[in-house]
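A.B. asks: I am attaching a structure below and will ask some questions about it afterwards.
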Amino acid sequence: MQEAGLRAITNPRRREILRLVWDAERSSGEIASHFDVSWPAISQNLRVLEDVGFVRCRRQGTTRLYRADRQRLGPLKSVLLKMWESDLDRLAVLAEEEARRDQRAGR
């Protein structure tokens, strides 16, 4: 599950969808309105997230409502935190290098 989950969230559009449904249940149409791609593209991304269990879908009449399943995302937390910390460490190194260059250049 972890590998499939990581693959699912490598796509920036899927991460944005998760952000949209993190705190609120939203209809598929409302989710789609946030993007400048076709409805089928959004539907496909929702399906991927649903297949790995990161979003739950509930029908209300003809409307599909989506919400993030935070419990299912839980096992990825340690992996994502490690990635985040690694990125922060790299950012700190780059900032320090830039500061040293600026000092040498007298800026």
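By order in the structure tokens, chains are A, B, ...; within a chain, residues start at 1; ligands start at 1, following the order shown.
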Report as JSON, numbers by chain all protein, DNA and RNA residues lying within 7 Å of Arg26 in chain A, evaluated on only C-alpha atoms, omitting residues in the same chain fewer than 3 positions from it.
C.D. replies: {"A": [21, 30, 31, 65, 66, 67]}
A.B. asks: Write a file of the just-selected residues containing all heavy atoms, as a JSON list (two decimals), in the first residue's frame.
C.D. replies:
```json
[["chain", "number", "residue", "atom", "x", "y", "z"],
["A", 21, "VAL", "N", -9.84, 18.44, -0.32],
["A", 21, "VAL", "CA", -10.81, 17.61, 0.42],
["A", 21, "VAL", "C", -10.29, 17.22, 1.81],
["A", 21, "VAL", "O", -10.86, 16.36, 2.47],
["A", 21, "VAL", "CB", -11.18, 16.33, -0.39],
["A", 21, "VAL", "CG1", -11.86, 16.71, -1.69],
["A", 21, "VAL", "CG2", -9.98, 15.44, -0.63],
["A", 30, "GLU", "N", -17.21, 20.56, -7.81],
["A", 30, "GLU", "CA", -16.51, 21.62, -7.09],
["A", 30, "GLU", "C", -15.00, 21.42, -7.15],
["A", 30, "GLU", "O", -14.24, 22.36, -7.35],
["A", 30, "GLU", "CB", -16.98, 21.66, -5.63],
["A", 30, "GLU", "CG", -16.39, 22.81, -4.84],
["A", 30, "GLU", "CD", -16.87, 22.83, -3.39],
["A", 30, "GLU", "OE1", -17.74, 22.02, -3.02],
["A", 30, "GLU", "OE2", -16.34, 23.66, -2.64],
["A", 31, "ILE", "N", -14.57, 20.18, -7.02],
["A", 31, "ILE", "CA", -13.15, 19.88, -7.12],
["A", 31, "ILE", "C", -12.65, 20.24, -8.52],
["A", 31, "ILE", "O", -11.63, 20.91, -8.68],
["A", 31, "ILE", "CB", -12.88, 18.39, -6.81],
["A", 31, "ILE", "CG1", -13.20, 18.10, -5.34],
["A", 31, "ILE", "CG2", -11.44, 18.01, -7.15],
["A", 31, "ILE", "CD1", -13.30, 16.62, -5.01],
["A", 65, "LEU", "N", -19.59, 12.92, -3.52],
["A", 65, "LEU", "CA", -18.90, 13.79, -2.58],
["A", 65, "LEU", "C", -17.63, 13.08, -2.11],
["A", 65, "LEU", "O", -17.65, 11.91, -1.76],
["A", 65, "LEU", "CB", -19.80, 14.10, -1.39],
["A", 65, "LEU", "CG", -21.10, 14.82, -1.75],
["A", 65, "LEU", "CD1", -22.07, 14.78, -0.60],
["A", 65, "LEU", "CD2", -20.79, 16.24, -2.16],
["A", 66, "TYR", "N", -16.51, 13.83, -2.09],
["A", 66, "TYR", "CA", -15.21, 13.27, -1.76],
["A", 66, "TYR", "C", -14.65, 13.94, -0.52],
["A", 66, "TYR", "O", -14.84, 15.13, -0.30],
["A", 66, "TYR", "CB", -14.23, 13.45, -2.91],
["A", 66, "TYR", "CG", -14.60, 12.65, -4.12],
["A", 66, "TYR", "CD1", -15.48, 13.16, -5.08],
["A", 66, "TYR", "CD2", -14.09, 11.37, -4.32],
["A", 66, "TYR", "CE1", -15.83, 12.42, -6.19],
["A", 66, "TYR", "CE2", -14.43, 10.63, -5.43],
["A", 66, "TYR", "CZ", -15.31, 11.15, -6.36],
["A", 66, "TYR", "OH", -15.65, 10.41, -7.46],
["A", 67, "ARG", "N", -13.93, 13.14, 0.26],
["A", 67, "ARG", "CA", -13.25, 13.65, 1.45],
["A", 67, "ARG", "C", -11.99, 12.82, 1.67],
["A", 67, "ARG", "O", -11.99, 11.61, 1.45],
["A", 67, "ARG", "CB", -14.15, 13.56, 2.67],
["A", 67, "ARG", "CG", -13.49, 14.17, 3.89],
["A", 67, "ARG", "CD", -14.45, 14.29, 5.05],
["A", 67, "ARG", "NE", -13.80, 15.04, 6.09],
["A", 67, "ARG", "CZ", -14.21, 16.21, 6.52],
["A", 67, "ARG", "NH1", -15.29, 16.76, 6.04],
["A", 67, "ARG", "NH2", -13.57, 16.84, 7.47]]
```
A.B. asks: Could you give me the residues within range 7-106 of chain A that DSSP places in alpha helix (DSSP H), as a PyMOL selection string?
C.D. replies: chain A and resi 7-8+12-20+28-32+39-51+70-73+77-104
A.B. asks: Based on the selection just made, write C-alpha atoms of those residues as an mmCIF file, in the first residue's frame.
C.D. replies:
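part.cif, written as the output of this step:
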```cif
data_model
loop_
_atom_site.group_PDB
_atom_site.id
_atom_site.type_symbol
_atom_site.label_atom_id
_atom_site.label_comp_id
_atom_site.auth_asym_id
_atom_site.auth_seq_id
_atom_site.Cartn_x
_atom_site.Cartn_y
_atom_site.Cartn_z
ATOM 1 C CA ARG A 7 3.010 6.866 -6.528
ATOM 2 C CA ALA A 8 -0.488 8.296 -6.191
ATOM 3 C CA PRO A 12 0.821 17.550 -8.157
ATOM 4 C CA ARG A 13 -2.817 17.588 -9.237
ATOM 5 C CA ARG A 14 -3.624 14.716 -6.883
ATOM 6 C CA ARG A 15 -1.868 16.475 -4.027
ATOM 7 C CA GLU A 16 -3.977 19.563 -4.721
ATOM 8 C CA ILE A 17 -7.125 17.433 -4.745
ATOM 9 C CA LEU A 18 -6.142 16.024 -1.355
ATOM 10 C CA ARG A 19 -5.621 19.546 -0.066
ATOM 11 C CA LEU A 20 -9.086 20.529 -1.290
ATOM 12 C CA SER A 28 -16.584 16.217 -7.863
ATOM 13 C CA GLY A 29 -17.793 19.266 -9.775
ATOM 14 C CA GLU A 30 -16.513 21.620 -7.088
ATOM 15 C CA ILE A 31 -13.146 19.878 -7.124
ATOM 16 C CA ALA A 32 -12.983 20.056 -10.920
ATOM 17 C CA TRP A 39 -13.527 16.676 -16.211
ATOM 18 C CA PRO A 40 -12.335 13.182 -17.275
ATOM 19 C CA ALA A 41 -8.787 14.087 -16.161
ATOM 20 C CA ILE A 42 -10.035 15.081 -12.709
ATOM 21 C CA SER A 43 -12.250 12.014 -12.528
ATOM 22 C CA GLN A 44 -9.250 9.809 -13.325
ATOM 23 C CA ASN A 45 -7.194 11.461 -10.565
ATOM 24 C CA LEU A 46 -10.035 11.053 -8.074
ATOM 25 C CA ARG A 47 -10.263 7.380 -9.025
ATOM 26 C CA VAL A 48 -6.522 6.857 -8.378
ATOM 27 C CA LEU A 49 -6.835 8.501 -4.948
ATOM 28 C CA GLU A 50 -9.923 6.456 -4.184
ATOM 29 C CA ASP A 51 -8.263 3.204 -5.317
ATOM 30 C CA ARG A 70 -6.691 10.870 6.995
ATOM 31 C CA GLN A 71 -6.441 7.513 8.733
ATOM 32 C CA ARG A 72 -5.409 5.814 5.478
ATOM 33 C CA LEU A 73 -2.819 8.527 4.863
ATOM 34 C CA LYS A 77 3.385 10.236 7.475
ATOM 35 C CA SER A 78 6.858 8.999 8.437
ATOM 36 C CA VAL A 79 7.928 8.707 4.805
ATOM 37 C CA LEU A 80 6.629 12.170 3.968
ATOM 38 C CA LEU A 81 8.260 13.683 7.051
ATOM 39 C CA LYS A 82 11.625 12.178 6.067
ATOM 40 C CA MET A 83 11.241 13.601 2.553
ATOM 41 C CA TRP A 84 10.286 16.987 4.001
ATOM 42 C CA GLU A 85 13.234 17.017 6.406
ATOM 43 C CA SER A 86 15.591 16.052 3.593
ATOM 44 C CA ASP A 87 14.259 18.908 1.450
ATOM 45 C CA LEU A 88 14.628 21.349 4.354
ATOM 46 C CA ASP A 89 18.195 20.210 4.937
ATOM 47 C CA ARG A 90 19.008 20.715 1.248
ATOM 48 C CA LEU A 91 17.349 24.129 1.274
ATOM 49 C CA ALA A 92 19.435 25.160 4.291
ATOM 50 C CA VAL A 93 22.646 24.105 2.524
ATOM 51 C CA LEU A 94 21.697 26.073 -0.593
ATOM 52 C CA ALA A 95 20.810 29.165 1.473
ATOM 53 C CA GLU A 96 24.133 28.995 3.316
ATOM 54 C CA GLU A 97 26.032 28.660 0.030
ATOM 55 C CA GLU A 98 24.213 31.670 -1.396
ATOM 56 C CA ALA A 99 24.938 33.725 1.737
ATOM 57 C CA ARG A 100 28.650 32.891 1.454
ATOM 58 C CA ARG A 101 28.673 33.922 -2.223
ATOM 59 C CA ASP A 102 26.957 37.192 -1.349
ATOM 60 C CA GLN A 103 29.534 37.880 1.397
ATOM 61 C CA ARG A 104 32.421 37.229 -0.981
#
```
A.B. asks: Would you mind reading off the distance between CA of Arg64 in chain A and CA of Glu3 in chain A, one decimal, in Å?
C.D. replies: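 These atoms are spaced 27.0 Å apart.
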A.B. asks: Grab the CA of Glu25 in chain A to CA of Ala68 in chain A distance for me, in Å with one decimal place.
C.D. replies: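 Going from CA of Glu25 in chain A over to CA of Ala68 in chain A, I get 8.0 Å.
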A.B. asks: Which value, in Å to one decimal, gives the distance between CA of Asn11 in chain A and CA of Thr62 in chain A?
C.D. replies: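 Separation between CA of Asn11 in chain A and CA of Thr62 in chain A: 27.8 Å.
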